[in-house]
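Colleague: Handing you this structure, nothing more for now.
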Amino acid sequence: MNKPLRRVSVFCLALVLALMGWATWIQGARASDYKEDPHNPRVVIGKYAAPLGNILVDGEPITGSARTSATLKYKRTYKDGPLYAPVTGFTSQIFGSNQLESLYGDLLDGSDSRLQSPADALTRTRAKGGDVATSIDAKVQKAGYQALDGKKGAAVAMDPATGRILGMVSTPSYAPGRFAGSSAADQKAWQQLSADPDHPEVNRALRQPLPPGSTFKLVVAAAALENGLYSSVDEPTDSPDPYTLPHTRTTLKNESASAPCKNATIRTALQYSCNTVFAKMAVDLGKDEVKAQAEKFGFNDHAVDTPVRAATSVYPSDMDEAQTALSGIGQFNDQATPLQMAMVASAIANGGELKAPQLVDALTDGGGNTVQQNSPRTYGRTMSARTAEQLRSAMRTVVDQGTGSNAKIDGLTVGGKTGTAQHGVDNSGTPYAWFVSYAEDGHGRRVAVAVMVEDGHAARNEVSGNGLAAPVARAMMKAALG
């Protein structure tokens, strides 16, 4: 072979080897990247080539799949879509997915490696989609949704002993099945949802932190008892009425001028929701002690996963004493989601031990075999058992004799705390109504609930935690334990 021919041969051989190396790289090392790339049409075609697995409530599917005549052979369907949208999220052939539909997308479409048999792995065949079993109790979910009755708001019910989320409601809601496909009608439905000024696509239970108002007084009360500022909920406090905010001329008053708030006990101060007591209590404790107590409940935690991640609930750090006073009554820059306040009530109901909130019980394969079983996890100890018992007792007084009377349930022991949180410049907006509570049936079963109602159409004098939020909590507690 002459020299020029030999050079050409070597060059061609190098090209072949380079091509083989590149093909090996693409099909081997980069295979998973291309397989998971949402811009790869084969990924979407594969996902919708067969019916998806389902999301379950009480063991029954609340999702399904419908055959289409398009390239994508199946699209997602939803049973009672608006009721369960805060739980499921959505999956759309055009607009992607979120919440459980997104987090467990591989399991639901059968591409999760845990679903593959050895034969599937060898032939690269997609397995039958698996199912996601939620912790939701259908009765509790329906009770909360119906009680909110179209108002803008949210509610979360938890089992204090396990952390299982029994109900998670957000209203107004939306129908995820309306834009699950790829037709012009699906695109129009998505545009309408995106343009809705009430933002029904937002999961208010997890993703919309707001000032918690007087419900935060439970956190301050816990801090006062845990740090020895007061020995019990029945010890008189050092609380003037009215109370001048430190280093200011601003006077803080109580909602009712006739309420016995001067030097009131914690029990009485919760019963009448005395601002003066808890504002001064927060100052006496100091912002660092209140912050430490709040963080035991989950405030300032950026990774509260249900497994859907919740927005961060905030207790601020950089405050002077006047601002600390306002933070003690759930104002200034305090922010909390309904999930966060349900965690506060849950810890109190469970003797001070807070279980991590959990929305998913188990994952199963297409044959119903368990792939993953989720057990209760302890988030942390928030307070002593004695402090928790004291707060439960005081919360019972709020319901039996105080501002939470609309939460009473025959045959159940109920404790609660109302809240009406100001918002807007100079409190110009309609306040938010809050209610946090727990109930027990005398046989060891308990439930904790937090409700927030953001009713911008109500008159200001009609907004109260007892009037708007307590009936929702009552409905959910009764459904859980009735």
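Identifiers for the structure tokens are assigned positionally: chains receive A, B, ... in sequence, residues are indexed from 1 per chain, and ligands are indexed from 1 in the order shown.
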Distance table requested - region 382-469 of chain A against region 169-191 of chain A, cut-off 10 Å, only C-alpha atoms: one row per qualifying residue with the closest atom pair and its distance in Å to one decimal, ordered by chain and rising residue number, as a Markdown table.
Modeller:
```
| residue | atom | partner | partner_atom | distance |
| --- | --- | --- | --- | --- |
| A:Val451 | CA | A:Val169 | CA | 9.3 |
| A:Met452 | CA | A:Ser170 | CA | 9.6 |
| A:Val453 | CA | A:Thr171 | CA | 9.3 |
| A:Glu454 | CA | A:Thr171 | CA | 9.7 |
```
Colleague: Based on the backbone DSSP call, show me all residues of region 232-469 of chain A assigned alpha helix (DSSP H), as a PyMOL selection string.
Modeller: chain A and resi 266-271+275-285+287-297+321-327+338-349+385-401
Colleague: Write down as a list in words the residues belonging to region 262-397 of chain A that are assigned strand (DSSP E or B) by DSSP computed on the backbone.
Modeller: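 Listing strand (DSSP E or B) positions across region 262-397 of chain A yields Thr265, Asp305, Arg309, Val314, Gln335, Ala336, Glu353, Leu354, Lys355, Gln358, Val360, Asp361, Ala362, Leu363, Thr364, Thr370, Val371, Gln372, Gln373, Thr378, Tyr379, Gly380 and Arg381 of chain A.
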Colleague: Of the residues A:Thr378, A:Gln390, A:Thr24, A:Ser65, which is the one nearest to Arg267 (chain A), using only C-alpha atoms?
Modeller: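 Counting only C-alpha atoms, the residue closest to Arg267 (chain A) is A:Gln390.
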